[in-house]
>>> print(open('start-v2.cif').read())   # mmCIF, C-alpha atoms
data_protein
#
loop_
_atom_site.label_atom_id
_atom_site.label_comp_id
_atom_site.auth_asym_id
_atom_site.auth_seq_id
_atom_site.Cartn_x
_atom_site.Cartn_y
_atom_site.Cartn_z
CA MET A 1 -44.42 218.53 -24.87
CA ALA A 2 -47.38 216.17 -24.48
CA GLU A 3 -48.07 212.47 -24.63
CA VAL A 4 -51.03 210.10 -25.01
CA ARG A 5 -50.93 206.86 -23.00
CA THR A 6 -53.48 204.11 -23.54
CA ILE A 7 -54.53 202.54 -20.24
CA ALA A 8 -57.23 200.29 -21.70
CA ALA A 9 -58.70 199.76 -25.17
CA THR A 10 -61.56 197.25 -24.93
CA ASP A 11 -64.90 196.75 -26.61
CA GLU A 12 -66.50 198.66 -23.72
CA ILE A 13 -64.20 201.61 -23.31
CA SER A 14 -61.18 203.64 -24.35
CA HIS A 15 -59.28 204.74 -21.26
CA ILE A 16 -56.40 207.05 -21.94
CA ARG A 17 -54.11 209.32 -19.99
CA LEU A 18 -52.82 212.66 -21.27
CA VAL A 19 -49.55 213.96 -19.93
CA GLY A 20 -47.79 217.27 -20.37
CA ARG A 21 -48.74 220.61 -21.86
CA LEU A 22 -51.64 220.99 -24.24
CA ASP A 23 -50.25 224.10 -25.88
CA ILE A 24 -49.68 224.62 -29.61
CA GLU A 25 -46.63 222.36 -29.62
CA GLY A 26 -48.24 219.71 -27.42
CA VAL A 27 -51.43 219.54 -29.45
CA GLY A 28 -49.34 219.15 -32.59
CA THR A 29 -47.81 216.04 -31.02
CA ILE A 30 -50.92 214.39 -29.63
CA GLU A 31 -53.74 215.27 -32.02
CA ILE A 32 -53.36 212.22 -34.21
CA PRO A 33 -52.69 209.64 -31.47
CA LEU A 34 -55.49 211.04 -29.31
CA THR A 35 -57.95 210.87 -32.17
CA ALA A 36 -56.82 207.33 -32.98
CA ALA A 37 -57.14 206.24 -29.35
CA THR A 38 -60.62 207.70 -28.89
CA VAL A 39 -62.61 208.91 -31.90
CA ALA A 40 -61.45 206.21 -34.29
CA ARG A 41 -62.41 203.45 -31.85
CA LYS A 42 -66.00 204.72 -31.54
CA ARG A 43 -66.17 203.54 -27.94
CA PRO A 44 -66.98 205.57 -24.82
CA ALA A 45 -63.80 207.31 -23.75
CA ILE A 46 -62.52 208.41 -20.38
CA VAL A 47 -59.53 210.72 -20.35
CA ASP A 48 -57.29 211.04 -17.32
CA MET A 49 -56.22 214.69 -17.25
CA SER A 50 -54.24 214.52 -14.01
CA GLY A 51 -50.95 214.65 -15.87
CA VAL A 52 -51.87 217.73 -17.91
CA ASP A 53 -50.20 220.73 -16.32
CA PHE A 54 -51.11 223.31 -18.95
CA LEU A 55 -54.19 223.71 -21.11
CA GLY A 56 -54.36 226.40 -23.77
CA SER A 57 -57.29 227.22 -25.99
CA ILE A 58 -55.89 225.02 -28.73
CA GLY A 59 -55.93 222.08 -26.31
CA ILE A 60 -59.51 222.83 -25.34
CA GLY A 61 -60.44 222.91 -29.02
CA LEU A 62 -58.92 219.48 -29.55
CA LEU A 63 -60.80 217.97 -26.60
CA VAL A 64 -64.07 219.47 -27.81
CA ARG A 65 -63.56 218.17 -31.35
CA CYS A 66 -62.92 214.66 -29.98
CA ALA A 67 -66.04 214.87 -27.83
CA ILE A 68 -68.18 216.03 -30.76
CA SER A 69 -66.86 213.32 -33.07
CA LEU A 70 -67.44 210.60 -30.48
CA GLN A 71 -70.94 211.88 -29.80
CA ARG A 72 -71.72 211.50 -33.49
CA SER A 73 -70.75 207.83 -33.10
CA GLY A 74 -73.09 207.55 -30.13
CA ALA A 75 -70.35 207.45 -27.50
CA ARG A 76 -69.47 209.68 -24.57
CA PHE A 77 -66.19 211.48 -23.91
CA VAL A 78 -65.50 212.16 -20.25
CA LEU A 79 -62.59 214.00 -18.66
CA PHE A 80 -61.43 213.37 -15.10
CA GLY A 81 -58.79 214.34 -12.60
CA CYS A 82 -58.07 217.87 -13.88
CA GLN A 83 -55.50 219.97 -12.05
CA PRO A 84 -57.03 223.19 -10.60
CA LEU A 85 -55.96 225.65 -13.31
CA VAL A 86 -56.87 223.20 -16.05
CA GLN A 87 -60.29 222.70 -14.45
CA LYS A 88 -60.67 226.47 -14.20
CA SER A 89 -59.86 226.89 -17.90
CA LEU A 90 -62.56 224.39 -18.85
CA GLU A 91 -65.06 226.20 -16.63
CA ILE A 92 -64.18 229.69 -17.93
CA THR A 93 -64.80 228.52 -21.48
CA LYS A 94 -68.04 226.78 -20.41
CA ILE A 95 -66.87 223.45 -21.81
CA ASN A 96 -67.92 221.80 -18.57
CA ALA A 97 -71.51 222.57 -19.55
CA VAL A 98 -71.38 220.08 -22.39
CA VAL A 99 -68.41 217.76 -21.76
CA PRO A 100 -68.62 215.79 -18.49
CA ILE A 101 -65.68 216.61 -16.22
CA VAL A 102 -65.49 214.61 -13.01
CA ALA A 103 -63.03 214.23 -10.18
CA SER A 104 -62.14 210.57 -10.31
CA GLU A 105 -61.63 207.58 -12.56
CA ALA A 106 -64.45 205.76 -10.77
CA ALA A 107 -66.84 208.64 -11.43
CA ALA A 108 -65.80 208.70 -15.09
CA PHE A 109 -66.45 204.96 -15.43
CA GLU A 110 -69.89 205.42 -13.88
CA LEU A 111 -70.79 207.86 -16.63
CA VAL A 112 -69.78 205.70 -19.55
CA VAL A 113 -70.17 202.05 -18.64
CA VAL A 114 -73.64 200.66 -19.26
CA LYS A 115 -74.60 198.29 -16.51
CA MET B 116 -35.67 241.82 -12.65
CA THR B 117 -36.42 242.20 -16.32
CA PHE B 118 -36.31 239.84 -19.23
CA SER B 119 -36.99 240.91 -22.77
CA LEU B 120 -36.72 239.41 -26.20
CA SER B 121 -37.88 239.95 -29.72
CA ILE B 122 -39.16 237.03 -31.77
CA HIS B 123 -40.20 236.47 -35.36
CA ASN B 124 -43.86 235.91 -36.07
CA THR B 125 -43.73 232.12 -36.19
CA LEU B 126 -45.19 229.51 -33.86
CA ALA B 127 -41.77 227.87 -33.60
CA ALA B 128 -40.32 231.14 -32.32
CA LEU B 129 -43.15 231.35 -29.78
CA ALA B 130 -42.36 227.84 -28.53
CA GLU B 131 -38.70 228.78 -28.07
CA ALA B 132 -39.67 232.00 -26.31
CA GLN B 133 -41.87 230.02 -23.89
CA LYS B 134 -38.87 227.90 -22.89
CA LEU B 135 -36.73 230.98 -22.26
CA VAL B 136 -39.49 232.65 -20.26
CA GLU B 137 -40.00 229.51 -18.21
CA THR B 138 -36.31 229.37 -17.38
CA PHE B 139 -36.35 233.03 -16.34
CA LEU B 140 -39.42 232.65 -14.14
CA SER B 141 -38.33 229.44 -12.44
CA GLY B 142 -34.88 230.88 -11.90
CA HIS B 143 -36.48 233.69 -9.91
CA GLY B 144 -38.76 231.47 -7.87
CA VAL B 145 -42.02 232.62 -9.43
CA PRO B 146 -44.88 230.44 -8.07
CA PHE B 147 -46.59 227.94 -10.36
CA GLU B 148 -49.89 229.82 -10.68
CA ALA B 149 -48.28 233.07 -11.75
CA ALA B 150 -45.95 231.27 -14.17
CA TYR B 151 -48.98 229.46 -15.61
CA ALA B 152 -50.74 232.80 -16.17
CA VAL B 153 -47.69 234.21 -17.94
CA ARG B 154 -47.38 231.12 -20.14
CA LEU B 155 -51.07 231.22 -21.00
CA SER B 156 -50.98 234.92 -21.82
CA LEU B 157 -48.01 234.50 -24.13
CA GLU B 158 -49.53 231.44 -25.78
CA GLU B 159 -52.87 233.07 -26.51
CA LEU B 160 -51.83 236.66 -27.25
CA VAL B 161 -48.76 235.92 -29.33
CA SER B 162 -50.35 233.06 -31.27
CA ASN B 163 -53.24 235.41 -32.11
CA ILE B 164 -50.78 237.98 -33.42
CA ILE B 165 -48.97 235.37 -35.51
CA ARG B 166 -52.15 233.88 -36.96
CA HIS B 167 -54.33 236.94 -37.42
CA GLY B 168 -52.21 240.05 -37.09
CA TYR B 169 -50.72 240.49 -40.54
CA ASP B 170 -51.86 241.08 -44.08
CA ASP B 171 -48.63 239.81 -45.57
CA ARG B 172 -46.35 236.80 -45.27
CA GLU B 173 -43.31 238.85 -44.38
CA PRO B 174 -41.27 238.38 -41.21
CA HIS B 175 -42.26 240.67 -38.38
CA GLU B 176 -40.90 241.27 -34.91
CA ILE B 177 -42.94 240.71 -31.77
CA GLY B 178 -41.54 242.17 -28.56
CA ILE B 179 -41.96 240.40 -25.22
CA CYS B 180 -40.92 241.99 -21.95
CA LEU B 181 -41.31 240.60 -18.44
CA GLU B 182 -40.58 242.43 -15.24
CA ILE B 183 -40.78 240.77 -11.84
CA LEU B 184 -41.93 243.38 -9.31
CA PRO B 185 -42.65 242.86 -5.60
CA VAL B 186 -46.20 241.51 -5.94
CA VAL B 187 -46.82 241.35 -9.68
CA ILE B 188 -45.21 240.24 -12.87
CA GLU B 189 -45.63 242.80 -15.58
CA LEU B 190 -45.88 241.31 -19.05
CA MET B 191 -45.79 243.49 -22.11
CA ILE B 192 -46.24 242.33 -25.70
CA ASP B 193 -45.91 244.62 -28.68
CA ASP B 194 -46.24 244.02 -32.41
CA ASP B 195 -46.63 245.87 -35.68
CA GLY B 196 -49.69 243.96 -36.83
CA ARG B 197 -53.14 245.30 -37.58
CA PRO B 198 -54.65 247.41 -34.80
CA PHE B 199 -56.30 245.02 -32.36
CA ASP B 200 -57.52 245.56 -28.83
CA PRO B 201 -57.82 242.14 -27.15
CA ASN B 202 -60.45 243.59 -24.82
CA SER B 203 -62.78 243.82 -27.80
CA ALA B 204 -63.19 240.03 -27.95
CA GLU B 205 -66.66 238.86 -27.00
CA PRO B 206 -67.11 236.75 -23.85
CA VAL B 207 -67.70 233.03 -24.41
CA PRO B 208 -71.41 232.13 -24.26
CA VAL B 209 -72.60 228.94 -22.61
CA PRO B 210 -73.01 226.44 -25.46
CA ALA B 211 -76.51 225.04 -25.78
CA SER B 212 -75.15 221.67 -26.83
CA LEU B 213 -71.89 219.88 -27.44
CA GLU B 214 -72.24 220.50 -31.17
CA GLU B 215 -72.26 224.24 -30.42
CA ALA B 216 -69.27 224.15 -28.09
CA PRO B 217 -66.47 226.45 -29.24
CA THR B 218 -63.35 224.88 -30.72
CA GLY B 219 -61.68 228.26 -31.16
CA GLY B 220 -61.94 231.94 -30.30
CA ILE B 221 -61.74 231.34 -26.55
CA GLY B 222 -58.14 232.20 -25.78
CA LEU B 223 -58.70 235.82 -24.80
CA SER B 224 -61.43 234.81 -22.32
CA LEU B 225 -58.91 232.51 -20.70
CA VAL B 226 -56.30 235.25 -20.44
CA ARG B 227 -58.80 237.74 -19.05
CA THR B 228 -59.90 235.41 -16.27
CA ILE B 229 -56.66 233.64 -15.37
CA ALA B 230 -54.11 236.41 -15.92
CA GLY B 231 -56.25 239.48 -15.39
CA PRO B 232 -57.19 242.67 -17.24
CA MET B 233 -55.25 243.61 -20.37
CA GLU B 234 -54.22 247.22 -20.93
CA TYR B 235 -54.06 248.09 -24.62
CA GLN B 236 -52.52 250.99 -26.48
CA ARG B 237 -51.82 251.69 -30.13
CA LEU B 238 -48.54 253.56 -30.34
CA GLY B 239 -47.68 254.66 -33.86
CA ASN B 240 -47.89 251.49 -35.93
CA ARG B 241 -47.58 249.12 -32.97
CA ASN B 242 -50.04 247.39 -30.69
CA GLN B 243 -48.99 247.21 -27.07
CA VAL B 244 -50.69 244.99 -24.53
CA LYS B 245 -49.73 245.02 -20.87
CA LEU B 246 -50.81 242.70 -18.08
CA GLN B 247 -50.02 242.73 -14.39
CA ILE B 248 -50.13 239.19 -13.07
CA ALA B 249 -50.34 239.00 -9.30
CA PHE B 250 -48.49 236.44 -7.22
#
>>> encode(input="start-v2.cif", output="structure tokens")
Amino acid sequence: MAEVRTIAATDEISHIRLVGRLDIEGVGTIEIPLTAATVARKRPAIVDMSGVDFLGSIGIGLLVRCAISLQRSGARFVLFGCQPLVQKSLEITKINAVVPIVASEAAAFELVVVK
Amino acid sequence: MTFSLSIHNTLAALAEAQKLVETFLSGHGVPFEAAYAVRLSLEELVSNIIRHGYDDREPHEIGICLEILPVVIELMIDDDGRPFDPNSAEPVPVPASLEEAPTGGIGLSLVRTIAGPMEYQRLGNRNQVKLQIAF
């Protein structure tokens, strides 16, 4: 199972945390709330991935679709804190070439907050 | 130690199978990385079979067999879908932009890299894929 937790939803940023398994079942549970918490708000989004302990291709597809939709609204979508195998999955599929993936929350903020 | 089951070609059946496999692997002390590779392989290979393997809407049986050996877990999946060698899938190219990033068709690349090579055979009217996942 998977879960979306909103950490902050301000005019400057959407900060959310994903927890659980982003497999077929997990994506079915979180697709709508994740889209609502990020894409629908049209704000830069940082996504804490530290609680995601499985990422399948369907989960990668969902993250990419959110990133693309936010980009069309002029906002960035940044992932941070990936567990090693999750990070490896994003690198194998070359998603890290086009979606920023950083180690920490602070680094994610740096990428999205305009000073 | 061997665990085998046969499931119907539905995503709900796959989800139930994943739970049973997880229980089997954790009950035998399989390390996290190897269990992850097994889970990923089942997720990607079996969901591909369910979604793309059949020309009809009839129920079909997909066989899953796991054997824990001294240094590897052997995973075998067989089905009566269309002939399909998962090794024939193209590698994922580096997207030139976010708009070109893949939202699908990447599962087999994941399996190949995280779980290892896939051995494929067509036996009669069944596909058989075997992986040896090291731990």
>>> resolve_selection(input="start-v2.cif", expression="the PyMOL selection byres ((chain A) within 12 of (chain B))", output="ChimeraX atom specification")
/A:1,21-26,28,53-72,76-77,83-100
>>> closest_residue(input="start-v2.cif", among="B:Glu182, B:Leu190, B:Arg197, B:Ala249", to="Tyr169 in chain B", atoms="all atoms listed in the file")
B:Arg197
>>> resolve_selection(input="start-v2.cif", expression="the PyMOL selection byres ((chain A and resi 30-46) around 7)", output="ChimeraX atom specification")
/A:2-4,12-16,26-29,47-48,66,69-70,73,75-79,108,112
>>> resolve_selection(input="start-v2.cif", expression="the PyMOL selection byres ((chain A and resi 81) around 7)", output="PyMOL selection string")
chain A and resi 48-50+80+82-83+102-104
>>> atom_distance(input="start-v2.cif", atom1="CA of Asp195 in chain B", atom2="CA of Leu140 in chain B")
26.3 Å
>>> residues_around(input="start-v2.cif", residues="Ala149 in chain B", least_positions_apart="3", cutoff="7 Å", atoms="only C-alpha atoms", output="JSON, numbers by chain")
{"B": [145, 146, 152, 153, 248, 249, 250]}
>>> atom_distance(input="start-v2.cif", atom1="CA of Tyr235 in chain B", atom2="CA of His143 in chain B")
27.1 Å
>>> atom_distance(input="start-v2.cif", atom1="CA of Lys245 in chain B", atom2="CA of Met191 in chain B")
4.4 Å
>>> closest_residue(input="start-v2.cif", among="B:Leu238, B:Asp194, B:Leu135, B:Ile164", to="Gly178 in chain B", atoms="all atoms listed in the file")
B:Asp194
>>> closest_residue(input="start-v2.cif", among="B:Asn242, B:Cys180, B:Pro174, B:Asp193", to="Met116 in chain B", atoms="all atoms listed in the file")
B:Cys180
>>> closest_residue(input="start-v2.cif", among="B:His123, B:Leu157, B:Gln247, B:Ala204", to="Val186 in chain B", atoms="only C-alpha atoms")
B:Gln247
>>> axis_aligned_box(input="start-v2.cif", around="range 192-198 of chain B", padding_each_side="4 Å", output="JSON")
{"center_x": -50.3, "center_y": 244.9, "center_z": -31.6, "size_x": 16.7, "size_y": 13.1, "size_z": 19.9}
>>> build_atoms(input="start-v2.cif", residues="range 2-26 of chain A", atoms="N, CA, C and O atoms", output="JSON list (two decimals), in the coordinates of the input")
[["chain", "number", "residue", "atom", "x", "y", "z"],
["A", 2, "ALA", "N", -46.23, 216.91, -25.00],
["A", 2, "ALA", "CA", -47.38, 216.17, -24.48],
["A", 2, "ALA", "C", -47.34, 214.74, -25.00],
["A", 2, "ALA", "O", -46.65, 214.44, -25.99],
["A", 3, "GLU", "N", -48.10, 213.91, -24.32],
["A", 3, "GLU", "CA", -48.07, 212.47, -24.63],
["A", 3, "GLU", "C", -49.45, 211.87, -24.39],
["A", 3, "GLU", "O", -50.18, 212.32, -23.50],
["A", 4, "VAL", "N", -49.80, 210.87, -25.20],
["A", 4, "VAL", "CA", -51.03, 210.10, -25.01],
["A", 4, "VAL", "C", -50.63, 208.70, -24.57],
["A", 4, "VAL", "O", -49.82, 208.05, -25.24],
["A", 5, "ARG", "N", -51.21, 208.24, -23.46],
["A", 5, "ARG", "CA", -50.93, 206.86, -23.00],
["A", 5, "ARG", "C", -52.25, 206.10, -22.95],
["A", 5, "ARG", "O", -53.21, 206.57, -22.35],
["A", 6, "THR", "N", -52.28, 204.94, -23.59],
["A", 6, "THR", "CA", -53.48, 204.11, -23.54],
["A", 6, "THR", "C", -53.43, 203.22, -22.31],
["A", 6, "THR", "O", -52.48, 202.44, -22.14],
["A", 7, "ILE", "N", -54.44, 203.36, -21.45],
["A", 7, "ILE", "CA", -54.53, 202.54, -20.24],
["A", 7, "ILE", "C", -55.34, 201.28, -20.54],
["A", 7, "ILE", "O", -55.02, 200.20, -20.07],
["A", 8, "ALA", "N", -56.42, 201.44, -21.30],
["A", 8, "ALA", "CA", -57.23, 200.29, -21.70],
["A", 8, "ALA", "C", -57.91, 200.61, -23.02],
["A", 8, "ALA", "O", -58.35, 201.73, -23.25],
["A", 9, "ALA", "N", -58.00, 199.60, -23.88],
["A", 9, "ALA", "CA", -58.70, 199.76, -25.17],
["A", 9, "ALA", "C", -59.50, 198.46, -25.39],
["A", 9, "ALA", "O", -58.99, 197.51, -25.97],
["A", 10, "THR", "N", -60.73, 198.46, -24.86],
["A", 10, "THR", "CA", -61.56, 197.25, -24.93],
["A", 10, "THR", "C", -62.79, 197.52, -25.78],
["A", 10, "THR", "O", -62.98, 198.63, -26.27],
["A", 11, "ASP", "N", -63.65, 196.53, -25.88],
["A", 11, "ASP", "CA", -64.90, 196.75, -26.61],
["A", 11, "ASP", "C", -65.83, 197.70, -25.86],
["A", 11, "ASP", "O", -66.71, 198.32, -26.46],
["A", 12, "GLU", "N", -65.61, 197.81, -24.52],
["A", 12, "GLU", "CA", -66.50, 198.66, -23.72],
["A", 12, "GLU", "C", -66.02, 200.10, -23.61],
["A", 12, "GLU", "O", -66.82, 201.01, -23.43],
["A", 13, "ILE", "N", -64.72, 200.29, -23.68],
["A", 13, "ILE", "CA", -64.20, 201.61, -23.31],
["A", 13, "ILE", "C", -62.83, 201.89, -23.91],
["A", 13, "ILE", "O", -62.06, 200.96, -24.18],
["A", 14, "SER", "N", -62.55, 203.17, -24.09],
["A", 14, "SER", "CA", -61.18, 203.64, -24.35],
["A", 14, "SER", "C", -60.78, 204.45, -23.12],
["A", 14, "SER", "O", -61.44, 205.44, -22.80],
["A", 15, "HIS", "N", -59.74, 204.03, -22.46],
["A", 15, "HIS", "CA", -59.28, 204.74, -21.26],
["A", 15, "HIS", "C", -57.87, 205.22, -21.58],
["A", 15, "HIS", "O", -56.97, 204.41, -21.80],
["A", 16, "ILE", "N", -57.73, 206.53, -21.63],
["A", 16, "ILE", "CA", -56.40, 207.05, -21.94],
["A", 16, "ILE", "C", -55.97, 208.07, -20.91],
["A", 16, "ILE", "O", -56.78, 208.60, -20.16],
["A", 17, "ARG", "N", -54.69, 208.32, -20.89],
["A", 17, "ARG", "CA", -54.11, 209.32, -19.99],
["A", 17, "ARG", "C", -53.32, 210.31, -20.84],
["A", 17, "ARG", "O", -52.51, 209.92, -21.67],
["A", 18, "LEU", "N", -53.60, 211.61, -20.61],
["A", 18, "LEU", "CA", -52.82, 212.66, -21.27],
["A", 18, "LEU", "C", -51.80, 213.20, -20.28],
["A", 18, "LEU", "O", -52.10, 213.38, -19.09],
["A", 19, "VAL", "N", -50.62, 213.45, -20.79],
["A", 19, "VAL", "CA", -49.55, 213.96, -19.93],
["A", 19, "VAL", "C", -48.89, 215.15, -20.62],
["A", 19, "VAL", "O", -48.67, 215.12, -21.84],
["A", 20, "GLY", "N", -48.58, 216.16, -19.83],
["A", 20, "GLY", "CA", -47.79, 217.27, -20.37],
["A", 20, "GLY", "C", -48.60, 218.52, -20.62],
["A", 20, "GLY", "O", -49.61, 218.77, -19.99],
["A", 21, "ARG", "N", -48.13, 219.31, -21.56],
["A", 21, "ARG", "CA", -48.74, 220.61, -21.86],
["A", 21, "ARG", "C", -49.54, 220.56, -23.14],
["A", 21, "ARG", "O", -48.99, 220.24, -24.18],
["A", 22, "LEU", "N", -50.80, 220.92, -23.04],
["A", 22, "LEU", "CA", -51.64, 220.99, -24.24],
["A", 22, "LEU", "C", -51.61, 222.42, -24.76],
["A", 22, "LEU", "O", -52.60, 223.14, -24.74],
["A", 23, "ASP", "N", -50.43, 222.81, -25.21],
["A", 23, "ASP", "CA", -50.25, 224.10, -25.88],
["A", 23, "ASP", "C", -50.13, 223.81, -27.37],
["A", 23, "ASP", "O", -50.40, 222.68, -27.82],
["A", 24, "ILE", "N", -49.72, 224.81, -28.16],
["A", 24, "ILE", "CA", -49.68, 224.62, -29.61],
["A", 24, "ILE", "C", -48.76, 223.45, -29.97],
["A", 24, "ILE", "O", -49.11, 222.58, -30.77],
["A", 25, "GLU", "N", -47.60, 223.42, -29.33],
["A", 25, "GLU", "CA", -46.63, 222.36, -29.62],
["A", 25, "GLU", "C", -47.17, 221.00, -29.17],
["A", 25, "GLU", "O", -47.09, 220.00, -29.89],
["A", 26, "GLY", "N", -47.73, 220.97, -27.97],
["A", 26, "GLY", "CA", -48.24, 219.71, -27.42],
["A", 26, "GLY", "C", -49.38, 219.13, -28.25],
["A", 26, "GLY", "O", -49.43, 217.94, -28.52]]
